[in-house]
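Structure file entry.pdb (PDB, C-alpha atoms and all ligand atoms) follows.
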ATOM      1  CA  MET A   1       5.244  28.720   8.629
ATOM      2  CA  LYS A   2       4.451  31.673   6.397
ATOM      3  CA  LEU A   3       3.052  30.893   2.973
ATOM      4  CA  THR A   4       3.217  33.244   0.018
ATOM      5  CA  THR A   5       0.200  33.292  -2.281
ATOM      6  CA  LYS A   6       2.227  31.466  -4.887
ATOM      7  CA  GLN A   7       3.202  28.722  -2.426
ATOM      8  CA  LEU A   8      -0.384  28.389  -1.202
ATOM      9  CA  THR A   9      -1.664  28.063  -4.769
ATOM     10  CA  LEU A  10       0.955  25.456  -5.558
ATOM     11  CA  CYS A  11      -0.012  23.497  -2.423
ATOM     12  CA  ALA A  12      -3.673  23.509  -3.491
ATOM     13  CA  VAL A  13      -2.851  22.414  -7.045
ATOM     14  CA  LEU A  14      -0.577  19.628  -5.762
ATOM     15  CA  THR A  15      -3.272  18.415  -3.339
ATOM     16  CA  ALA A  16      -5.749  18.224  -6.227
ATOM     17  CA  LEU A  17      -3.172  16.354  -8.319
ATOM     18  CA  ALA A  18      -2.503  13.902  -5.455
ATOM     19  CA  LEU A  19      -6.260  13.264  -5.112
ATOM     20  CA  ALA A  20      -6.544  12.648  -8.838
ATOM     21  CA  LEU A  21      -3.649  10.167  -8.689
ATOM     22  CA  SER A  22      -5.245   8.395  -5.690
ATOM     23  CA  TYR A  23      -8.399   8.036  -7.742
ATOM     24  CA  LEU A  24      -6.488   6.883 -10.820
ATOM     25  CA  GLU A  25      -4.837   4.018  -8.957
ATOM     26  CA  ASN A  26      -8.275   2.499  -8.316
ATOM     27  CA  LEU A  27      -8.157   1.544 -11.996
ATOM     28  CA  PHE A  28      -5.213  -0.825 -11.367
ATOM     29  CA  PRO A  29      -6.519  -4.216 -10.281
ATOM     30  CA  LEU A  30      -3.907  -4.624  -7.524
ATOM     31  CA  SER A  31      -6.519  -6.508  -5.506
ATOM     32  CA  LEU A  32      -6.178  -9.446  -7.932
ATOM     33  CA  ALA A  33      -2.689 -10.119  -6.558
ATOM     34  CA  ILE A  34      -3.045  -8.645  -3.075
ATOM     35  CA  PRO A  35      -6.508  -9.371  -1.681
ATOM     36  CA  ILE A  36      -6.251  -6.883   1.180
ATOM     37  CA  PRO A  37      -8.817  -4.135   0.735
ATOM     38  CA  GLY A  38      -7.409  -0.664   1.391
ATOM     39  CA  ILE A  39      -3.941  -1.288  -0.030
ATOM     40  CA  LYS A  40      -3.041   1.076  -2.869
ATOM     41  CA  LEU A  41      -0.159   1.319  -5.346
ATOM     42  CA  GLY A  42       0.925   4.713  -4.005
ATOM     43  CA  LEU A  43       1.004   6.817  -7.169
ATOM     44  CA  ALA A  44       0.213   9.915  -5.093
ATOM     45  CA  ASN A  45       3.764   9.596  -3.749
ATOM     46  CA  ILE A  46       4.820  11.390  -6.950
ATOM     47  CA  VAL A  47       3.364  14.520  -5.375
ATOM     48  CA  THR A  48       5.175  13.886  -2.091
ATOM     49  CA  VAL A  49       8.534  13.537  -3.874
ATOM     50  CA  PHE A  50       7.936  16.706  -5.849
ATOM     51  CA  ALA A  51       6.667  18.732  -2.873
ATOM     52  CA  LEU A  52       9.545  17.564  -0.699
ATOM     53  CA  TYR A  53      12.144  19.030  -3.073
ATOM     54  CA  ALA A  54      10.138  21.990  -4.382
ATOM     55  CA  LEU A  55       8.492  23.202  -1.170
ATOM     56  CA  GLY A  56      10.179  21.426   1.733
ATOM     57  CA  PRO A  57       9.007  18.888   4.332
ATOM     58  CA  ALA A  58       6.480  21.117   6.177
ATOM     59  CA  GLN A  59       4.385  21.939   3.104
ATOM     60  CA  ALA A  60       4.786  18.429   1.702
ATOM     61  CA  PHE A  61       3.312  17.168   4.980
ATOM     62  CA  LEU A  62       0.365  19.599   4.763
ATOM     63  CA  ILE A  63      -0.391  18.396   1.224
ATOM     64  CA  LEU A  64      -0.205  14.777   2.392
ATOM     65  CA  LEU A  65      -2.642  15.371   5.267
ATOM     66  CA  ALA A  66      -5.082  17.237   3.010
ATOM     67  CA  ARG A  67      -4.920  14.443   0.409
ATOM     68  CA  CYS A  68      -5.544  11.674   2.972
ATOM     69  CA  PHE A  69      -8.475  13.408   4.698
ATOM     70  CA  LEU A  70     -10.167  14.676   1.526
ATOM     71  CA  GLY A  71      -9.616  11.302  -0.139
ATOM     72  CA  ALA A  72     -11.314   9.491   2.753
ATOM     73  CA  VAL A  73     -14.222  11.972   2.728
ATOM     74  CA  PHE A  74     -14.739  11.677  -1.048
ATOM     75  CA  ALA A  75     -14.590   7.896  -0.883
ATOM     76  CA  GLY A  76     -16.921   7.973   2.126
ATOM     77  CA  ASN A  77     -14.642   5.366   3.623
ATOM     78  CA  MET A  78     -12.954   6.077   6.937
ATOM     79  CA  ASN A  79     -11.196   2.695   6.822
ATOM     80  CA  ALA A  80      -9.208   4.129   3.929
ATOM     81  CA  LEU A  81      -7.907   6.963   6.109
ATOM     82  CA  ILE A  82      -5.625   4.877   8.331
ATOM     83  CA  PHE A  83      -4.184   3.074   5.265
ATOM     84  CA  SER A  84      -3.388   6.249   3.360
ATOM     85  CA  LEU A  85      -2.148   8.111   6.449
ATOM     86  CA  LEU A  86       0.120   5.354   7.747
ATOM     87  CA  GLY A  87       1.416   4.569   4.244
ATOM     88  CA  GLY A  88       1.840   8.228   3.303
ATOM     89  CA  VAL A  89       3.518   9.346   6.526
ATOM     90  CA  THR A  90       5.912   6.356   6.608
ATOM     91  CA  ALA A  91       6.860   7.037   2.988
ATOM     92  CA  MET A  92       7.405  10.719   3.717
ATOM     93  CA  VAL A  93       9.617  10.126   6.779
ATOM     94  CA  VAL A  94      11.814   7.666   4.843
ATOM     95  CA  MET A  95      12.013  10.039   1.858
ATOM     96  CA  ILE A  96      12.995  12.984   4.087
ATOM     97  CA  VAL A  97      15.828  10.876   5.528
ATOM     98  CA  LEU A  98      16.944   9.524   2.129
ATOM     99  CA  SER A  99      16.781  12.902   0.390
ATOM    100  CA  GLY A 100      19.098  14.214   3.099
ATOM    101  CA  SER A 101      21.779  12.093   1.502
ATOM    102  CA  ARG A 102      23.247  14.052  -1.401
ATOM    103  CA  CYS A 103      24.282  10.813  -3.127
ATOM    104  CA  LEU A 104      20.803   9.592  -4.030
ATOM    105  CA  SER A 105      18.830  10.734  -7.070
ATOM    106  CA  VAL A 106      15.023  11.033  -7.133
ATOM    107  CA  TYR A 107      14.949   7.371  -8.188
ATOM    108  CA  GLY A 108      16.583   6.046  -5.011
ATOM    109  CA  VAL A 109      14.468   8.339  -2.838
ATOM    110  CA  SER A 110      11.287   7.217  -4.634
ATOM    111  CA  VAL A 111      12.049   3.494  -4.367
ATOM    112  CA  GLY A 112      12.783   3.855  -0.634
ATOM    113  CA  GLY A 113       9.567   5.836  -0.211
ATOM    114  CA  ALA A 114       7.493   3.286  -2.150
ATOM    115  CA  ALA A 115       8.834   0.406  -0.020
ATOM    116  CA  ALA A 116       8.088   2.367   3.169
ATOM    117  CA  HIS A 117       4.606   3.208   1.829
ATOM    118  CA  ASN A 118       3.761  -0.477   1.398
ATOM    119  CA  CYS A 119       5.211  -1.433   4.803
ATOM    120  CA  GLY A 120       3.041   1.309   6.340
ATOM    121  CA  GLN A 121      -0.048   0.014   4.556
ATOM    122  CA  VAL A 122       0.544  -3.573   5.710
ATOM    123  CA  ALA A 123       1.014  -2.232   9.246
ATOM    124  CA  ALA A 124      -2.322  -0.407   8.870
ATOM    125  CA  ALA A 125      -4.003  -3.647   7.741
ATOM    126  CA  VAL A 126      -2.527  -5.593  10.686
ATOM    127  CA  LEU A 127      -3.600  -2.852  13.125
ATOM    128  CA  THR A 128      -7.137  -2.420  11.744
ATOM    129  CA  LEU A 129      -7.835  -6.137  11.593
ATOM    130  CA  GLY A 130      -5.962  -7.152  14.758
ATOM    131  CA  ASN A 131      -4.647 -10.059  12.695
ATOM    132  CA  THR A 132      -1.211 -10.780  11.223
ATOM    133  CA  ALA A 133      -2.611 -12.521   8.102
ATOM    134  CA  PRO A 134      -1.812  -9.495   5.838
ATOM    135  CA  LEU A 135       1.943  -9.970   6.563
ATOM    136  CA  TYR A 136       1.853 -12.876   4.092
ATOM    137  CA  TYR A 137       1.584 -10.367   1.256
ATOM    138  CA  LEU A 138       4.441  -8.097   2.447
ATOM    139  CA  PRO A 139       7.197  -9.734   0.301
ATOM    140  CA  VAL A 140       5.111  -9.301  -2.862
ATOM    141  CA  LEU A 141       4.227  -5.731  -1.921
ATOM    142  CA  LEU A 142       7.931  -4.948  -1.411
ATOM    143  CA  GLY A 143       8.604  -6.374  -4.881
ATOM    144  CA  VAL A 144       5.793  -4.248  -6.319
ATOM    145  CA  SER A 145       7.292  -1.176  -4.621
ATOM    146  CA  LEU A 146      10.436  -1.538  -6.772
ATOM    147  CA  LEU A 147       8.234  -0.985  -9.825
ATOM    148  CA  THR A 148       6.057   1.785  -8.397
ATOM    149  CA  GLY A 149       9.163   3.465  -6.929
ATOM    150  CA  ALA A 150      10.907   3.432 -10.319
ATOM    151  CA  LEU A 151       7.753   4.835 -11.958
ATOM    152  CA  THR A 152       7.401   7.530  -9.277
ATOM    153  CA  GLY A 153      11.075   8.455  -9.732
ATOM    154  CA  LEU A 154      10.731   8.613 -13.518
ATOM    155  CA  VAL A 155       7.660  10.867 -13.397
ATOM    156  CA  SER A 156       9.287  13.121 -10.782
ATOM    157  CA  ALA A 157      12.500  13.408 -12.804
ATOM    158  CA  CYS A 158      10.438  14.371 -15.879
ATOM    159  CA  LEU A 159       8.554  16.963 -13.815
ATOM    160  CA  PHE A 160      11.754  18.542 -12.502
ATOM    161  CA  ARG A 161      13.264  18.613 -16.007
ATOM    162  CA  ALA A 162      10.147  20.229 -17.447
ATOM    163  CA  LEU A 163       9.976  22.800 -14.665
ATOM    164  CA  ALA A 164      13.628  23.749 -15.086
ATOM    165  CA  HIS A 165      12.479  25.652 -18.177
ATOM    166  CA  THR A 166       9.683  27.545 -16.441
ATOM    167  CA  ASN A 167       9.788  30.397 -13.978
ATOM    168  CA  LEU A 168       8.006  28.436 -11.238
ATOM    169  CA  ASN A 169      11.183  28.611  -9.195
ATOM    170  CA  THR A 170      11.297  32.372  -8.916
ATOM    171  CA  GLY A 171       9.334  33.677  -5.980
ATOM    172  CA  LEU A 172       8.738  30.282  -4.399
ATOM    173  CA  ASP A 173      11.679  30.578  -2.124
ATOM    174  CA  GLN A 174      12.132  34.342  -1.836
ATOM    175  CA  GLY A 175      15.763  34.609  -2.749
ATOM    176  CA  GLY A 176      16.760  31.053  -1.927
ATOM    177  CA  THR A 177      19.087  29.158  -4.188
ATOM    178  CA  HIS A 178      17.453  28.465  -7.512
ATOM    179  CA  GLY A 179      18.027  25.930 -10.219
ATOM    180  CA  ALA A 180      16.999  22.424 -11.052
TER     181      ALA A 180
ATOM    182  CA  MET B   1      13.275  25.060  -6.025
ATOM    183  CA  ARG B   2      14.466  24.755  -2.477
ATOM    184  CA  ARG B   3      16.806  21.977  -3.459
ATOM    185  CA  SER B   4      17.599  20.617  -6.844
ATOM    186  CA  PRO B   5      17.493  16.819  -6.819
ATOM    187  CA  LYS B   6      19.724  14.588  -8.896
ATOM    188  CA  LEU B   7      17.654  13.394 -11.853
ATOM    189  CA  ARG B   8      19.769  10.516 -13.158
ATOM    190  CA  PRO B   9      19.838   7.157 -11.397
ATOM    191  CA  ASN B  10      23.281   6.304 -10.016
ATOM    192  CA  LEU B  11      24.998   3.507  -8.106
ATOM    193  CA  TRP B  12      23.643   4.688  -4.761
ATOM    194  CA  ASP B  13      20.096   4.279  -6.062
ATOM    195  CA  GLY B  14      21.102   0.728  -6.942
ATOM    196  CA  VAL B  15      22.039   0.248  -3.289
ATOM    197  CA  VAL B  16      18.505   1.304  -2.251
ATOM    198  CA  VAL B  17      16.971  -1.092  -4.811
ATOM    199  CA  LEU B  18      19.181  -3.930  -3.534
ATOM    200  CA  ALA B  19      18.263  -3.121   0.069
ATOM    201  CA  VAL B  20      14.532  -3.264  -0.729
ATOM    202  CA  ALA B  21      14.980  -6.496  -2.715
ATOM    203  CA  ALA B  22      16.977  -8.024   0.158
ATOM    204  CA  LEU B  23      14.256  -6.996   2.607
ATOM    205  CA  ALA B  24      11.618  -8.625   0.358
ATOM    206  CA  VAL B  25      13.600 -11.878   0.220
ATOM    207  CA  ALA B  26      14.231 -11.806   3.988
ATOM    208  CA  CYS B  27      10.504 -11.285   4.630
ATOM    209  CA  ALA B  28       9.639 -14.051   2.174
ATOM    210  CA  VAL B  29      11.961 -16.495   3.936
ATOM    211  CA  GLY B  30      10.767 -15.442   7.383
ATOM    212  CA  ILE B  31       7.049 -15.308   6.669
ATOM    213  CA  TRP B  32       6.495 -17.883   3.938
ATOM    214  CA  GLN B  33       8.799 -20.620   5.218
ATOM    215  CA  GLY B  34       8.174 -20.055   8.908
ATOM    216  CA  GLY B  35       5.673 -22.063  10.912
ATOM    217  CA  GLY B  36       5.905 -25.313   8.968
ATOM    218  CA  SER B  37       3.301 -27.186  10.964
ATOM    219  CA  GLN B  38       2.237 -30.673   9.888
ATOM    220  CA  GLU B  39      -1.391 -29.759  10.437
ATOM    221  CA  ALA B  40      -3.794 -30.334   7.538
ATOM    222  CA  LEU B  41      -5.018 -27.314   5.566
ATOM    223  CA  THR B  42      -7.232 -25.422   8.005
ATOM    224  CA  ALA B  43      -9.440 -22.368   7.570
ATOM    225  CA  VAL B  44      -9.143 -19.982  10.516
ATOM    226  CA  ILE B  45     -12.010 -17.503  10.833
ATOM    227  CA  SER B  46     -11.406 -14.384  12.948
ATOM    228  CA  VAL B  47     -13.722 -11.509  13.778
ATOM    229  CA  ASP B  48     -12.309  -8.261  15.179
ATOM    230  CA  GLY B  49      -8.932  -9.893  15.872
ATOM    231  CA  THR B  50     -10.404 -12.813  17.781
ATOM    232  CA  GLU B  51     -10.342 -16.342  16.401
ATOM    233  CA  VAL B  52     -13.880 -17.752  16.289
ATOM    234  CA  GLU B  53     -13.451 -21.059  14.489
ATOM    235  CA  ARG B  54     -10.840 -23.398  12.984
ATOM    236  CA  ILE B  55     -12.131 -25.721  10.284
ATOM    237  CA  PRO B  56      -9.847 -28.504   8.954
ATOM    238  CA  LEU B  57     -10.855 -28.596   5.305
ATOM    239  CA  ASP B  58     -10.304 -32.313   4.691
ATOM    240  CA  GLN B  59     -12.515 -33.307   7.608
ATOM    241  CA  ALA B  60     -15.311 -30.805   7.129
ATOM    242  CA  GLY B  61     -16.055 -31.638   3.505
ATOM    243  CA  GLU B  62     -18.423 -29.240   1.818
ATOM    244  CA  THR B  63     -19.839 -26.886   4.386
ATOM    245  CA  ARG B  64     -20.756 -23.261   4.969
ATOM    246  CA  ARG B  65     -20.577 -20.804   7.840
ATOM    247  CA  THR B  66     -22.401 -17.582   8.564
ATOM    248  CA  VAL B  67     -20.160 -15.028  10.294
ATOM    249  CA  GLU B  68     -21.261 -11.693  11.718
ATOM    250  CA  GLY B  69     -19.035  -8.696  12.369
ATOM    251  CA  GLY B  70     -19.398  -4.930  12.428
ATOM    252  CA  GLY B  71     -23.121  -5.236  11.721
ATOM    253  CA  TYR B  72     -22.554  -7.207   8.489
ATOM    254  CA  THR B  73     -23.140 -10.855   7.702
ATOM    255  CA  LEU B  74     -20.815 -12.978   5.588
ATOM    256  CA  GLU B  75     -21.669 -16.335   4.119
ATOM    257  CA  ILE B  76     -18.467 -18.404   3.825
ATOM    258  CA  CYS B  77     -18.325 -21.583   1.733
ATOM    259  CA  LEU B  78     -15.731 -24.283   2.293
ATOM    260  CA  THR B  79     -14.834 -27.389   0.291
ATOM    261  CA  ASP B  80     -11.988 -29.818   0.972
ATOM    262  CA  THR B  81      -9.622 -27.652  -1.129
ATOM    263  CA  GLU B  82     -11.028 -24.123  -1.357
ATOM    264  CA  VAL B  83     -12.619 -21.361   0.682
ATOM    265  CA  TRP B  84     -14.561 -18.343  -0.563
ATOM    266  CA  VAL B  85     -17.089 -15.754   0.548
ATOM    267  CA  GLU B  86     -20.294 -16.596  -1.273
ATOM    268  CA  HIS B  87     -22.287 -13.600  -0.150
ATOM    269  CA  SER B  88     -21.855 -10.535   2.059
ATOM    270  CA  ASP B  89     -23.937  -7.464   2.780
ATOM    271  CA  CYS B  90     -20.854  -5.287   3.392
ATOM    272  CA  PRO B  91     -20.711  -2.069   1.314
ATOM    273  CA  THR B  92     -17.367  -2.694  -0.439
ATOM    274  CA  GLN B  93     -17.806  -6.378  -1.447
ATOM    275  CA  ASP B  94     -14.000  -6.799  -1.540
ATOM    276  CA  CYS B  95     -14.327 -10.072   0.346
ATOM    277  CA  VAL B  96     -16.633 -11.511  -2.310
ATOM    278  CA  HIS B  97     -14.430 -10.243  -5.161
ATOM    279  CA  THR B  98     -11.330 -11.875  -3.640
ATOM    280  CA  GLY B  99     -12.732 -15.164  -4.893
ATOM    281  CA  ARG B 100     -11.440 -18.574  -3.906
ATOM    282  CA  ILE B 101      -8.312 -19.206  -1.850
ATOM    283  CA  SER B 102      -6.685 -22.616  -1.690
ATOM    284  CA  ARG B 103      -3.116 -22.263  -0.369
ATOM    285  CA  SER B 104      -1.636 -21.974   3.084
ATOM    286  CA  GLY B 105      -1.005 -18.339   4.026
ATOM    287  CA  GLN B 106      -3.634 -16.834   1.727
ATOM    288  CA  SER B 107      -6.458 -14.896   3.309
ATOM    289  CA  ILE B 108      -9.772 -13.230   2.575
ATOM    290  CA  VAL B 109     -10.322  -9.923   4.337
ATOM    291  CA  CYS B 110     -13.546  -8.020   4.895
ATOM    292  CA  LEU B 111     -12.553  -4.610   6.234
ATOM    293  CA  PRO B 112     -16.030  -3.258   7.115
ATOM    294  CA  ALA B 113     -16.955  -6.448   9.001
ATOM    295  CA  ARG B 114     -13.397  -6.909  10.351
ATOM    296  CA  VAL B 115     -13.540 -10.547   9.327
ATOM    297  CA  VAL B 116     -10.424 -12.471   8.257
ATOM    298  CA  VAL B 117     -10.452 -15.986   6.821
ATOM    299  CA  GLU B 118      -6.910 -17.371   6.683
ATOM    300  CA  LEU B 119      -5.641 -20.715   5.434
ATOM    301  CA  GLU B 120      -3.072 -22.388   7.680
ATOM    302  CA  GLY B 121      -1.097 -25.607   7.680
ATOM    303  CA  GLY B 122      -1.189 -28.023   4.793
ATOM    304  CA  SER B 123       1.902 -28.162   2.637
ATOM    305  CA  THR B 124       4.068 -25.293   3.894
ATOM    306  CA  ALA B 125       3.959 -22.374   1.508
ATOM    307  CA  ASP B 126       6.930 -23.673  -0.489
ATOM    308  CA  ASP B 127       5.485 -22.210  -3.635
ATOM    309  CA  GLY B 128       4.191 -19.095  -1.979
ATOM    310  CA  LEU B 129       5.251 -16.890  -4.873
ATOM    311  CA  ASP B 130       3.053 -18.749  -7.363
ATOM    312  CA  ALA B 131       0.318 -18.729  -4.770
ATOM    313  CA  VAL B 132       0.286 -14.940  -4.745
ATOM    314  CA  ILE B 133       1.144 -14.197  -8.354
ATOM    315  CA  GLY B 134      -0.621 -17.062 -10.075
TER     316      GLY B 134
HETATM  317 ZN    ZN A 201     -16.795  -7.609   2.756
END
Can you dump the structure from the file as structure tokens?
Ligand SMILES: [Zn+2]
Amino acid sequence: MKLTTKQLTLCAVLTALALALSYLENLFPLSLAIPIPGIKLGLANIVTVFALYALGPAQAFLILLARCFLGAVFAGNMNALIFSLLGGVTAMVVMIVLSGSRCLSVYGVSVGGAAAHNCGQVAAAVLTLGNTAPLYYLPVLLGVSLLTGALTGLVSACLFRALAHTNLNTGLDQGGTHGA
Amino acid sequence: MRRSPKLRPNLWDGVVVLAVAALAVACAVGIWQGGGSQEALTAVISVDGTEVERIPLDQAGETRRTVEGGGYTLEICLTDTEVWVEHSDCPTQDCVHTGRISRSGQSIVCLPARVVVELEGGSTADDGLDAVIG
């Protein structure tokens, strides 16, 4: 994979944005409803959706890895790593598959990704604890993912609309098809 | 842009939403209704994936347990209806902040200590949704 300076810069900015979103979601008291430490809303998936369409799967994956590792280092919490990695990677795989279908809009892709993100996180909780007790909260987390998925889709759609008026497109893809 | 996504929700997105909702309902039926044992409400304490003690709440009355895991010590309080972590020296304190649990299926998790306290039995989680939301 060969990165242009512009692509590299965009990757760095998106990683920083994803980290900021991961931090922001600590402000939501999700733990009141779901008392499993480590489980997050998944707002950073906004960045994954955007990177997937704007930069492609390979760079979206790099951004995801950087976000998960830096996030765990900043939080000083290695338990958090398996939650964010398993959630993030599951979400990304599902979103790559769903975005391959030309029928779906960013909303459908985001909702599918959010549901996969929460399934991945519950799997991480079951694996880390060696106990199936967290499964009890899976139905609620799937319900929550409808809301976070819709929010992620809305923010992504706004981003793409806003960027359609900028010249970010030019040079990113070196002569690829443009437009948004 | 490598690919320009569709930005307006359409019927196919509705299909995804329905699929996720159906999965949530299927999980709820499978997980919340399953295992309807006639056992009384019991607290199951596990450390590192291994069950260490089962305490039937109605028989134990008011009692407490000290559980060690991952180098941390948790003080668990039990009454005939509720269970909570009174004190813990773990760094995150999530287990203490979870507060009191009182319904079958609910659990308290301490990630650093790898301790899980789960409630089992009792009335089957027929009102599991209120249990989680309310
Ligand atoms: Zn704890």
Determine, using all atoms listed in the file, which residues of chain B have any atom at most 8 Å from an atom of chain A, and tabulate each with its shortest atom pair and distance in Å to one decimal place, rows ordered by chain and then rising number, as CSV.
residue,atom,partner,partner_atom,distance
B:Met1,CA,A:Ala54,CA,4.7
B:Arg2,CA,A:Ala54,CA,5.5
B:Arg3,CA,A:Tyr53,CA,5.5
B:Ser4,CA,A:Ala180,CA,4.6
B:Pro5,CA,A:Ser105,CA,6.2
B:Lys6,CA,A:Ser105,CA,4.4
B:Leu7,CA,A:Ala157,CA,5.2
B:Arg8,CA,A:Ser105,CA,6.2
B:Pro9,CA,A:Ser105,CA,5.7
B:Asn10,CA,A:Ser105,CA,6.9
B:Trp12,CA,A:Leu104,CA,5.7
B:Asp13,CA,A:Gly108,CA,4.1
B:Gly14,CA,A:Gly108,CA,7.2
B:Val16,CA,A:Gly108,CA,5.8
B:Val17,CA,A:Val111,CA,6.7
B:Val20,CA,A:Ala115,CA,6.8
B:Ala21,CA,A:Gly143,CA,6.7
B:Leu23,CA,A:Leu142,CA,7.8
B:Ala24,CA,A:Pro139,CA,4.6
B:Val25,CA,A:Pro139,CA,6.8
B:Cys27,CA,A:Pro139,CA,5.7
B:Ala28,CA,A:Pro139,CA,5.3
B:Ile31,CA,A:Tyr136,CA,6.3
B:Trp32,CA,A:Tyr136,CA,6.8
B:Asp48,CA,A:Leu129,CA,6.1
B:Gly49,CA,A:Gly130,CA,4.2
B:Thr50,CA,A:Gly130,CA,7.8
B:Asp94,CA,A:Pro37,CA,6.3
B:Thr98,CA,A:Pro35,CA,5.8
B:Gly105,CA,A:Tyr136,CA,6.2
B:Gln106,CA,A:Tyr136,CA,7.2
B:Ser107,CA,A:Ala133,CA,6.6
B:Ile108,CA,A:Pro35,CA,6.6
B:Val109,CA,A:Ile36,CA,6.0
B:Cys110,CA,A:Pro37,CA,7.4
B:Leu111,CA,A:Pro37,CA,6.7
B:Pro112,CA,A:Asn79,CA,7.7
B:Arg114,CA,A:Leu129,CA,5.8
B:Val115,CA,A:Leu129,CA,7.6
B:Val116,CA,A:Leu129,CA,7.6
B:Glu118,CA,A:Ala133,CA,6.6
B:Leu129,CA,A:Val140,CA,7.9
B:Val132,CA,A:Ala33,CA,5.9
B:Ile133,CA,A:Ala33,CA,5.9
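Computed from the coordinates, the CA of Val52 (chain B) to CA of Cys95 (chain B) distance equals 17.7 Å.
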- Task: Name every residue that the PyMOL selection byres (((chain B and resi 55-69) around 7) and not hetatm) selects in this structure, writing the answer as a VMD selection string with chains first and numbers rising.
- Result: chain B and resid 40 to 44 47 53 to 54 70 to 81 113 to 115
- Pick out the closest residue to Ala124 (chain A) from this set: A:Leu41, A:Ala66, A:Leu85, A:Val93. Count only C-alpha atoms.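 Distance minimum relative to Ala124 (chain A) lands on A:Leu85.
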All file atoms of region 23-33 of chain B boxed axis-aligned, 3 Å per side, centre plus edges, as AutoDock Vina command-line options:
--center_x 10.4 --center_y -13.8 --center_z 3.8 --size_x 13.8 --size_y 19.6 --size_z 13.2
Long-range neighbours of Thr152 (chain A) as a tab-separated table (two decimals) with C-alpha atoms, keeping the file's coordinate frame, 7 Å cut-off, all atoms listed in the file, 5 positions minimum in chain:
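result-v1.tsv was written with the following content:
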chain	number	residue	atom	x	y	z
A	43	LEU	CA	1.00	6.82	-7.17
A	45	ASN	CA	3.76	9.60	-3.75
A	46	ILE	CA	4.82	11.39	-6.95
A	110	SER	CA	11.29	7.22	-4.63
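Among B:Ser104, B:Leu18, B:Cys90, B:Leu119, the residue with the shortest atom-to-atom distance to ligand ZN 201 (chain A), counting only C-alpha atoms and all ligand atoms, is B:Cys90.
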- Rounded to one decimal in Å, what is the spacing between CA of Lys6 (chain A) and CA of Thr90 (chain A)? 27.9 Å
- Task: For region 10-18 of chain A, please output as JSON, numbers by chain all residues within 6 Å (counting only C-alpha atoms; exclusion window: fewer than 5 positions along the same chain).
- Result: {"A": [44, 47, 63, 67]}
For the selection just defined, write its residues with C-alpha atoms to a file, as an mmCIF file, keeping the file's coordinate frame.
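Done, and the output landed in again.cif:
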data_model
loop_
_atom_site.group_PDB
_atom_site.id
_atom_site.type_symbol
_atom_site.label_atom_id
_atom_site.label_comp_id
_atom_site.auth_asym_id
_atom_site.auth_seq_id
_atom_site.Cartn_x
_atom_site.Cartn_y
_atom_site.Cartn_z
ATOM 1 C CA ALA A 44 0.213 9.915 -5.093
ATOM 2 C CA VAL A 47 3.364 14.520 -5.375
ATOM 3 C CA ILE A 63 -0.391 18.396 1.224
ATOM 4 C CA ARG A 67 -4.920 14.443 0.409
#
- Measure the distance from CA of Cys68 (chain A) to CA of Thr9 (chain A) in Å and round it to one decimal.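 Those two atoms sit 18.5 Å apart.
The smallest atom-to-atom distance between Ser22 (chain A) and any of A:Thr5, A:Ser84, A:Asn118, A:Gln59, using only C-alpha atoms, is found for A:Ser84.
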- Have a look at A:Leu151, A:Ile39, A:Ile96, A:Leu24 and name the one nearest to Ala58 (chain A); count only C-alpha atoms.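 With only C-alpha atoms as the atom set, the closest residue is A:Ile96.
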